[in-house]
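Shown next: start_33.cif, containing mmCIF, C-alpha atoms.
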```
data_entry
loop_
_atom_site.label_atom_id
_atom_site.label_comp_id
_atom_site.auth_asym_id
_atom_site.auth_seq_id
_atom_site.Cartn_x
_atom_site.Cartn_y
_atom_site.Cartn_z
CA MET A 117 17.78 11.38 31.64
CA HIS A 118 16.73 12.20 28.08
CA ILE A 119 14.43 9.75 26.33
CA ASN A 120 13.61 10.15 22.65
CA ILE A 121 9.90 9.42 22.64
CA LEU A 122 9.79 9.22 18.84
CA ASP A 123 12.57 6.67 18.39
CA ILE A 124 10.77 3.33 18.17
CA TYR A 125 13.62 1.60 16.32
CA HIS A 126 14.11 -2.03 17.34
CA SER A 127 17.62 -3.27 16.68
CA ARG A 128 17.81 -6.73 15.13
CA GLU A 129 20.24 -8.65 12.94
CA SER A 130 17.84 -9.23 10.08
CA PHE A 131 17.63 -8.98 6.32
CA ILE A 132 15.10 -6.14 6.58
CA HIS A 133 17.21 -4.06 8.96
CA ASN A 134 20.22 -4.27 6.64
CA LEU A 135 18.37 -3.05 3.57
CA ASP A 136 19.12 0.38 2.16
CA PRO A 137 16.83 3.03 3.73
CA ARG A 138 15.66 4.08 0.28
CA VAL A 139 14.39 0.57 -0.41
CA LYS A 140 12.38 0.47 2.81
CA ILE A 141 10.94 3.94 2.23
CA LEU A 142 9.89 3.11 -1.33
CA ALA A 143 8.49 -0.28 -0.28
CA SER A 144 6.36 1.36 2.44
CA PHE A 145 5.23 4.05 0.01
CA PHE A 146 4.14 1.54 -2.64
CA ILE A 147 2.33 -0.63 -0.09
CA ILE A 148 0.43 2.39 1.25
CA LEU A 149 -0.29 3.66 -2.27
CA THR A 150 -1.58 0.24 -3.33
CA THR A 151 -3.94 -0.16 -0.38
CA VAL A 152 -5.33 3.32 -1.04
CA ILE A 153 -5.96 2.89 -4.79
CA LEU A 154 -7.49 -0.58 -4.54
CA PRO A 155 -11.24 -0.43 -5.24
CA GLU A 156 -13.85 -1.18 -2.63
CA ARG A 157 -14.58 -4.88 -2.00
CA ALA A 158 -11.01 -5.77 -3.02
CA TRP A 159 -10.65 -7.87 0.11
CA VAL A 160 -8.33 -10.42 -1.51
CA GLY A 161 -5.85 -7.73 -2.52
CA GLN A 162 -6.00 -6.11 0.92
CA GLY A 163 -5.48 -9.53 2.48
CA ILE A 164 -2.37 -10.10 0.36
CA LEU A 165 -0.95 -6.76 1.49
CA PHE A 166 -1.73 -7.61 5.09
CA GLY A 167 -0.02 -10.98 4.69
CA LEU A 168 2.98 -9.29 3.08
CA LEU A 169 3.39 -7.04 6.13
CA ILE A 170 3.22 -10.08 8.42
CA VAL A 171 5.94 -11.81 6.36
CA LEU A 172 8.11 -8.68 6.46
CA SER A 173 7.61 -8.38 10.22
CA LEU A 174 8.68 -12.01 10.66
CA SER A 175 11.69 -11.44 8.39
CA ALA A 176 12.67 -8.50 10.59
CA GLN A 177 12.53 -10.78 13.67
CA LEU A 178 9.80 -8.63 15.23
CA GLY A 179 7.14 -11.30 15.45
CA PRO A 180 3.81 -11.64 13.60
CA PHE A 181 1.83 -9.39 15.96
CA PHE A 182 4.33 -6.52 16.30
CA THR A 183 2.67 -4.16 13.83
CA ILE A 184 -0.86 -5.42 14.57
CA ARG A 185 -0.70 -4.45 18.24
CA ARG A 186 0.80 -1.04 17.56
CA ALA A 187 -1.67 -0.26 14.77
CA PHE A 188 -4.40 0.22 17.39
CA ILE A 189 -3.09 3.78 17.68
CA ALA A 190 -5.11 4.55 14.54
CA LEU A 191 -8.47 3.66 16.11
CA PRO A 192 -9.21 7.14 17.55
CA PHE A 193 -8.71 8.69 14.11
CA LEU A 194 -11.26 6.29 12.62
CA LEU A 195 -13.96 7.91 14.72
CA ALA A 196 -14.23 10.53 11.97
CA ALA A 197 -15.41 7.77 9.61
CA LEU A 198 -18.15 6.44 11.89
CA PRO A 199 -20.92 8.54 10.24
CA VAL A 200 -20.15 7.00 6.83
CA PRO A 201 -22.49 3.97 7.22
CA PHE A 202 -25.35 6.31 8.19
CA LEU A 203 -24.76 9.02 5.58
CA THR A 204 -24.13 6.85 2.53
CA LEU A 205 -27.17 5.99 0.42
CA GLY A 206 -27.84 2.33 -0.28
CA PRO A 207 -29.86 -0.72 0.77
CA ALA A 208 -30.69 -0.59 4.48
CA ILE A 209 -29.38 -3.47 6.60
CA TRP A 210 -30.09 -2.14 10.11
CA VAL A 211 -31.98 0.66 11.83
CA VAL A 212 -30.81 2.01 15.20
CA PRO A 213 -33.66 1.41 17.67
CA GLY A 214 -35.21 4.60 19.01
CA LEU A 215 -33.18 6.88 16.74
CA GLY A 216 -34.23 5.76 13.32
CA TRP A 217 -30.71 5.99 11.91
CA VAL A 218 -30.32 3.71 8.90
CA VAL A 219 -27.15 1.78 8.24
CA SER A 220 -26.72 1.07 4.53
CA SER A 221 -24.77 -1.85 3.11
CA THR A 222 -22.91 0.51 0.78
CA GLY A 223 -21.89 2.74 3.67
CA LEU A 224 -20.82 -0.22 5.80
CA ILE A 225 -18.60 -1.57 3.01
CA ARG A 226 -17.10 1.89 2.55
CA PHE A 227 -16.42 2.17 6.27
CA MET A 228 -14.77 -1.27 6.34
CA THR A 229 -12.63 -0.27 3.36
CA ILE A 230 -11.46 2.87 5.15
CA LEU A 231 -10.71 0.79 8.25
CA VAL A 232 -8.65 -1.77 6.33
CA ARG A 233 -6.76 0.87 4.34
CA THR A 234 -5.88 2.81 7.47
CA TRP A 235 -4.87 -0.35 9.31
CA ILE A 236 -2.49 -1.49 6.55
CA ALA A 237 -1.01 1.99 6.04
CA VAL A 238 -0.29 2.41 9.75
CA GLN A 239 1.28 -1.04 9.95
CA ALA A 240 3.57 -0.24 7.00
CA SER A 241 4.67 3.01 8.67
CA ILE A 242 5.29 1.26 11.99
CA LEU A 243 7.38 -1.44 10.32
CA LEU A 244 9.42 1.20 8.51
CA SER A 245 10.20 3.16 11.69
CA ALA A 246 10.92 -0.02 13.66
CA THR A 247 13.53 -1.26 11.18
CA THR A 248 15.18 2.04 10.22
CA VAL A 249 17.18 4.39 12.41
CA VAL A 250 15.82 7.93 12.36
CA SER A 251 19.03 9.36 10.91
CA ASP A 252 18.99 6.76 8.10
CA LEU A 253 15.32 7.48 7.47
CA LEU A 254 16.01 11.20 7.08
CA TRP A 255 18.96 10.49 4.81
CA GLY A 256 16.84 8.20 2.67
CA LEU A 257 14.13 10.83 2.29
CA ASN A 258 16.75 13.39 1.29
CA ALA A 259 18.35 10.98 -1.19
CA LEU A 260 14.98 10.24 -2.79
CA GLY A 261 14.44 13.94 -3.49
CA ALA A 262 12.05 14.88 -0.70
CA PRO A 263 11.90 18.66 -0.08
CA LYS A 264 14.95 19.55 2.01
CA LEU A 265 12.99 22.01 4.12
CA ILE A 266 10.50 19.33 5.17
CA VAL A 267 13.29 16.83 5.87
CA SER A 268 15.11 19.42 8.00
CA ILE A 269 11.95 20.27 9.95
CA VAL A 270 11.25 16.60 10.65
CA GLY A 271 14.87 16.02 11.64
CA PHE A 272 14.91 18.89 14.12
CA MET A 273 11.55 17.85 15.53
CA VAL A 274 12.83 14.33 16.18
CA ARG A 275 16.08 15.58 17.71
CA TYR A 276 14.61 18.22 20.02
CA LEU A 277 11.12 17.03 20.90
CA PHE A 278 12.45 15.06 23.86
CA ILE A 279 13.90 18.30 25.26
CA LEU A 280 10.43 19.85 25.19
CA ALA A 281 9.04 16.71 26.82
CA ASP A 282 11.58 17.05 29.66
CA GLU A 283 10.69 20.72 30.04
CA ALA A 284 6.99 19.85 30.22
CA LEU A 285 7.68 17.19 32.87
CA ARG A 286 9.58 19.71 35.00
CA MET A 287 6.68 22.15 34.75
CA LEU A 288 4.22 19.42 35.76
CA ARG A 289 6.34 18.57 38.80
CA ALA A 290 6.44 22.24 39.74
CA ARG A 291 2.66 22.46 39.50
CA ALA A 292 2.27 19.29 41.57
CA SER A 293 4.53 20.73 44.28
CA ARG A 294 2.27 23.79 44.53
CA SER A 295 -0.92 21.75 44.86
CA PRO A 296 -0.06 18.77 47.07
CA LYS A 297 -2.57 16.41 48.64
CA LEU A 298 -2.57 17.29 52.33
CA PRO A 299 -4.88 15.79 54.98
CA GLY A 300 -7.77 18.13 55.67
CA VAL A 301 -6.74 20.61 52.98
CA LYS A 302 -8.91 21.01 49.92
CA ARG A 303 -7.06 20.89 46.61
CA PRO A 304 -7.39 23.81 44.15
CA GLY A 305 -10.44 23.70 41.94
CA LEU A 306 -10.65 22.90 38.25
CA ILE A 307 -10.72 26.58 37.29
CA TRP A 308 -7.39 27.19 39.02
CA GLN A 309 -5.88 24.06 37.48
CA GLY A 310 -7.14 25.03 34.03
CA ARG A 311 -5.67 28.52 34.39
CA VAL A 312 -2.33 27.07 35.43
CA ALA A 313 -2.41 24.57 32.52
CA GLY A 314 -3.01 27.42 30.08
CA MET A 315 -0.10 29.42 31.48
CA MET A 316 2.09 26.30 31.28
CA VAL A 317 1.30 25.85 27.60
CA GLY A 318 2.10 29.50 26.89
CA SER A 319 5.32 29.34 28.88
CA LEU A 320 6.38 26.15 27.12
CA PHE A 321 5.75 27.77 23.74
CA LEU A 322 7.87 30.82 24.63
CA ARG A 323 10.67 28.69 26.03
CA SER A 324 10.73 26.46 22.95
CA LEU A 325 10.74 29.51 20.66
CA GLU A 326 13.65 31.11 22.52
CA ARG A 327 15.57 27.84 22.61
CA SER A 328 15.05 27.28 18.86
CA GLU A 329 16.41 30.75 18.09
CA ARG A 330 19.52 30.10 20.19
CA VAL A 331 20.06 26.69 18.56
CA TYR A 332 19.62 28.11 15.07
CA ALA A 333 22.05 30.97 15.77
CA ALA A 334 24.61 28.47 17.06
CA MET A 335 24.19 26.34 13.93
CA LEU A 336 24.63 29.35 11.63
CA SER A 337 27.84 30.26 13.43
CA ARG A 338 29.13 26.75 12.65
CA GLY A 339 28.39 26.97 8.94
CA TYR A 340 24.90 25.48 8.68
CA ASP A 341 23.36 26.23 5.26
CA GLY A 342 20.11 24.26 5.47
CA GLU A 343 21.46 20.83 4.57
CA MET A 344 22.61 17.99 6.80
CA ARG A 345 25.69 16.29 5.37
CA ILE A 346 26.97 12.82 6.10
CA LEU A 347 30.31 11.24 5.28
CA ASP A 348 29.04 7.80 4.26
CA GLN A 349 26.62 7.65 1.33
CA PRO A 350 26.03 3.95 0.60
CA ALA A 351 25.15 2.71 -2.86
CA MET A 352 22.35 0.30 -3.67
CA SER A 353 23.54 -3.31 -3.65
CA ASN A 354 22.20 -6.13 -5.78
CA LEU A 355 20.27 -7.44 -2.78
CA ASP A 356 18.62 -4.04 -2.35
CA TRP A 357 17.53 -3.98 -5.99
CA ILE A 358 16.17 -7.53 -5.75
CA ALA A 359 14.16 -6.64 -2.62
CA LEU A 360 12.75 -3.48 -4.22
CA LEU A 361 11.80 -5.25 -7.45
CA SER A 362 10.17 -8.05 -5.45
CA ILE A 363 7.97 -5.58 -3.56
CA LEU A 364 7.08 -3.81 -6.80
CA SER A 365 6.15 -7.13 -8.40
CA ILE A 366 3.90 -8.09 -5.49
CA VAL A 367 2.03 -4.78 -5.31
CA SER A 368 1.66 -4.69 -9.10
CA SER A 369 0.21 -8.20 -9.06
CA VAL A 370 -2.21 -7.17 -6.30
CA ILE A 371 -3.42 -4.21 -8.37
CA VAL A 372 -3.88 -6.30 -11.50
CA LEU A 373 -5.64 -9.08 -9.57
CA SER A 374 -8.01 -6.63 -7.91
CA LEU A 375 -8.87 -4.84 -11.14
CA TRP A 376 -9.56 -8.04 -13.06
CA SER A 377 -11.45 -9.87 -10.33
#
```
Using the file provided, produce a representation of the structure as structure tokens.
Amino acid sequence: MHINILDIYHSRESFIHNLDPRVKILASFFIILTTVILPERAWVGQGILFGLLIVLSLSAQLGPFFTIRRAFIALPFLLAALPVPFLTLGPAIWVVPGLGWVVSSTGLIRFMTILVRTWIAVQASILLSATTVVSDLLWGLNALGAPKLIVSIVGFMVRYLFILADEALRMLRARASRSPKLPGVKRPGLIWQGRVAGMMVGSLFLRSLERSERVYAAMLSRGYDGEMRILDQPAMSNLDWIALLSILSIVSSVIVLSLWS
């Protein structure tokens, strides 16, 4: 059974789901752009953006905590920002006992700003993917003028990554069958397992390369010229324009409020 591990779309009969993909892409882009350009200490503006995402999640019938729970995926990437409170000059608020590392108030505020920006940006991306089918998302990117090569690469990655996942699972089962847990028999050591894992990665790369060449040759024989075409190209409705202008008004107000406060 094939499972698309990248398709996190949640089907609902909601106002958000029925919006034009271009509206949702632009709305997510402007929300992410706004949270990035807001100055440090603009907690009110960041709070408004966070509340906006909660309202949108409720409007999409996904619940208030849908994006919050899934945004924890960004925590490992925030480890790169952990040195910021120690490396940024400013008034000291705490010294690590035994190490002498100084945490500055300026660095702590900067770290919290990075945390909030990342959290809001990830939530906006999650809400976009949860309310938009992958094919509609790719069409929307193409319609908005995104580079066709990038859109094609993303589209093929989404369509064929589950095949590579199935191939990797079969290879893992084959490895497990060659190193079973038997009573009184010692399992292979870490060196052997590491060597096998390295050969598996190389084999998976070669298989994926050969498969991609066969798929591309088959597509060329059927007239593929680098562009995915669809029969139905919907136009923006009045409701779509109202939703887009509403998002633009909110993010513009947040920027103005943060700059003048």
Run the PyMOL selection byres ((chain A and resi 134) around 12) mentally over the shown coordinates, then write out the matched residues as an NGL selection string, using the chain letters and numbers from the document. :A and (127-133 or 135-140 or 175-176 or 247-249 or 252 or 350 or 352-353 or 355-356 or 359)
Identify which of the residues A:Leu325, A:Leu244, A:Leu360, A:Ile307 lies closest to Leu280 of chain A, counting only C-alpha atoms when measuring atom-to-atom distances. A:Leu325
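If you look at atom CA of Ile184 of chain A and atom CA of Leu149 of chain A, they are 19.1 Å away from each other.
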Using only C-alpha atoms, which protein or nucleic acid residues come within 10 Å of segment 200-208 of chain A? Drop anything in the same chain fewer than 4 positions from it, and give the result as a list of chain:residue names.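 Returned residues: A:Ala196, A:Val212, A:Trp217, A:Val218, A:Val219, A:Ser220, A:Ser221, A:Thr222, A:Gly223, A:Leu224, A:Ile225, A:Arg226, A:Phe227, A:Met228, A:Ile230.
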What lies within 10 Å of segment 150-164 of chain A using only C-alpha atoms, ignoring chain neighbours under 5 positions off, as a ChimeraX atom specification? /A:144-145,169-170,222,225-230,232-237,366-375,377
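Picture a line from atom CA of Gly310 of chain A to atom CA of Arg286 of chain A; it runs 17.6 Å.
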Between atom CA of Val250 of chain A and atom CA of Tyr276 of chain A, what distance in Å does the model show, to one decimal?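 These atoms are spaced 12.9 Å apart.
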Please, could N, CA, C and O atoms be added to segment 201-218 of chain A and the result written as a compact mmCIF listing (two decimals), in the frame of the given file?
```
# COMPACT_ATOMS: atom_id res chain seq x y z
N PRO A 201 -21.39 4.93 7.46
CA PRO A 201 -22.49 3.97 7.22
C PRO A 201 -23.88 4.58 7.30
O PRO A 201 -24.82 4.06 6.68
N PHE A 202 -24.03 5.69 8.04
CA PHE A 202 -25.35 6.31 8.19
C PHE A 202 -25.63 7.35 7.10
O PHE A 202 -26.79 7.63 6.80
N LEU A 203 -24.58 7.93 6.54
CA LEU A 203 -24.76 9.02 5.58
C LEU A 203 -24.69 8.57 4.14
O LEU A 203 -25.02 9.35 3.23
N THR A 204 -24.25 7.35 3.89
CA THR A 204 -24.13 6.85 2.53
C THR A 204 -25.43 6.18 2.10
O THR A 204 -25.98 5.33 2.81
N LEU A 205 -25.94 6.57 0.94
CA LEU A 205 -27.17 5.99 0.42
C LEU A 205 -26.93 4.56 -0.05
O LEU A 205 -25.88 4.23 -0.58
N GLY A 206 -27.93 3.71 0.14
CA GLY A 206 -27.84 2.33 -0.28
C GLY A 206 -28.87 1.48 0.42
O GLY A 206 -29.66 1.98 1.26
N PRO A 207 -28.90 0.18 0.11
CA PRO A 207 -29.86 -0.72 0.77
C PRO A 207 -29.66 -0.74 2.28
O PRO A 207 -28.55 -0.86 2.76
N ALA A 208 -30.75 -0.61 3.02
CA ALA A 208 -30.69 -0.59 4.48
C ALA A 208 -30.50 -2.01 5.01
O ALA A 208 -31.15 -2.95 4.54
N ILE A 209 -29.59 -2.16 5.98
CA ILE A 209 -29.38 -3.47 6.60
C ILE A 209 -29.69 -3.44 8.10
O ILE A 209 -29.85 -4.50 8.71
N TRP A 210 -29.80 -2.23 8.68
CA TRP A 210 -30.09 -2.14 10.11
C TRP A 210 -30.54 -0.73 10.44
O TRP A 210 -30.07 0.25 9.84
N VAL A 211 -31.48 -0.63 11.36
CA VAL A 211 -31.98 0.66 11.83
C VAL A 211 -31.73 0.75 13.34
O VAL A 211 -32.09 -0.17 14.08
N VAL A 212 -31.11 1.83 13.79
CA VAL A 212 -30.81 2.01 15.20
C VAL A 212 -32.11 2.18 15.97
O VAL A 212 -32.89 3.11 15.68
N PRO A 213 -32.39 1.31 16.93
CA PRO A 213 -33.66 1.41 17.67
C PRO A 213 -33.77 2.74 18.42
O PRO A 213 -32.83 3.19 19.07
N GLY A 214 -34.93 3.36 18.30
CA GLY A 214 -35.21 4.60 19.01
C GLY A 214 -34.71 5.85 18.32
O GLY A 214 -35.18 6.95 18.62
N LEU A 215 -33.74 5.71 17.43
CA LEU A 215 -33.18 6.88 16.74
C LEU A 215 -33.58 6.94 15.28
O LEU A 215 -33.61 8.01 14.70
N GLY A 216 -33.83 5.78 14.72
CA GLY A 216 -34.23 5.76 13.32
C GLY A 216 -33.09 5.94 12.34
O GLY A 216 -33.32 6.15 11.14
N TRP A 217 -31.86 5.86 12.81
CA TRP A 217 -30.71 5.99 11.91
C TRP A 217 -30.58 4.70 11.11
O TRP A 217 -30.59 3.60 11.64
N VAL A 218 -30.38 4.85 9.81
CA VAL A 218 -30.32 3.71 8.90
C VAL A 218 -28.87 3.45 8.51
O VAL A 218 -28.16 4.35 8.07
```
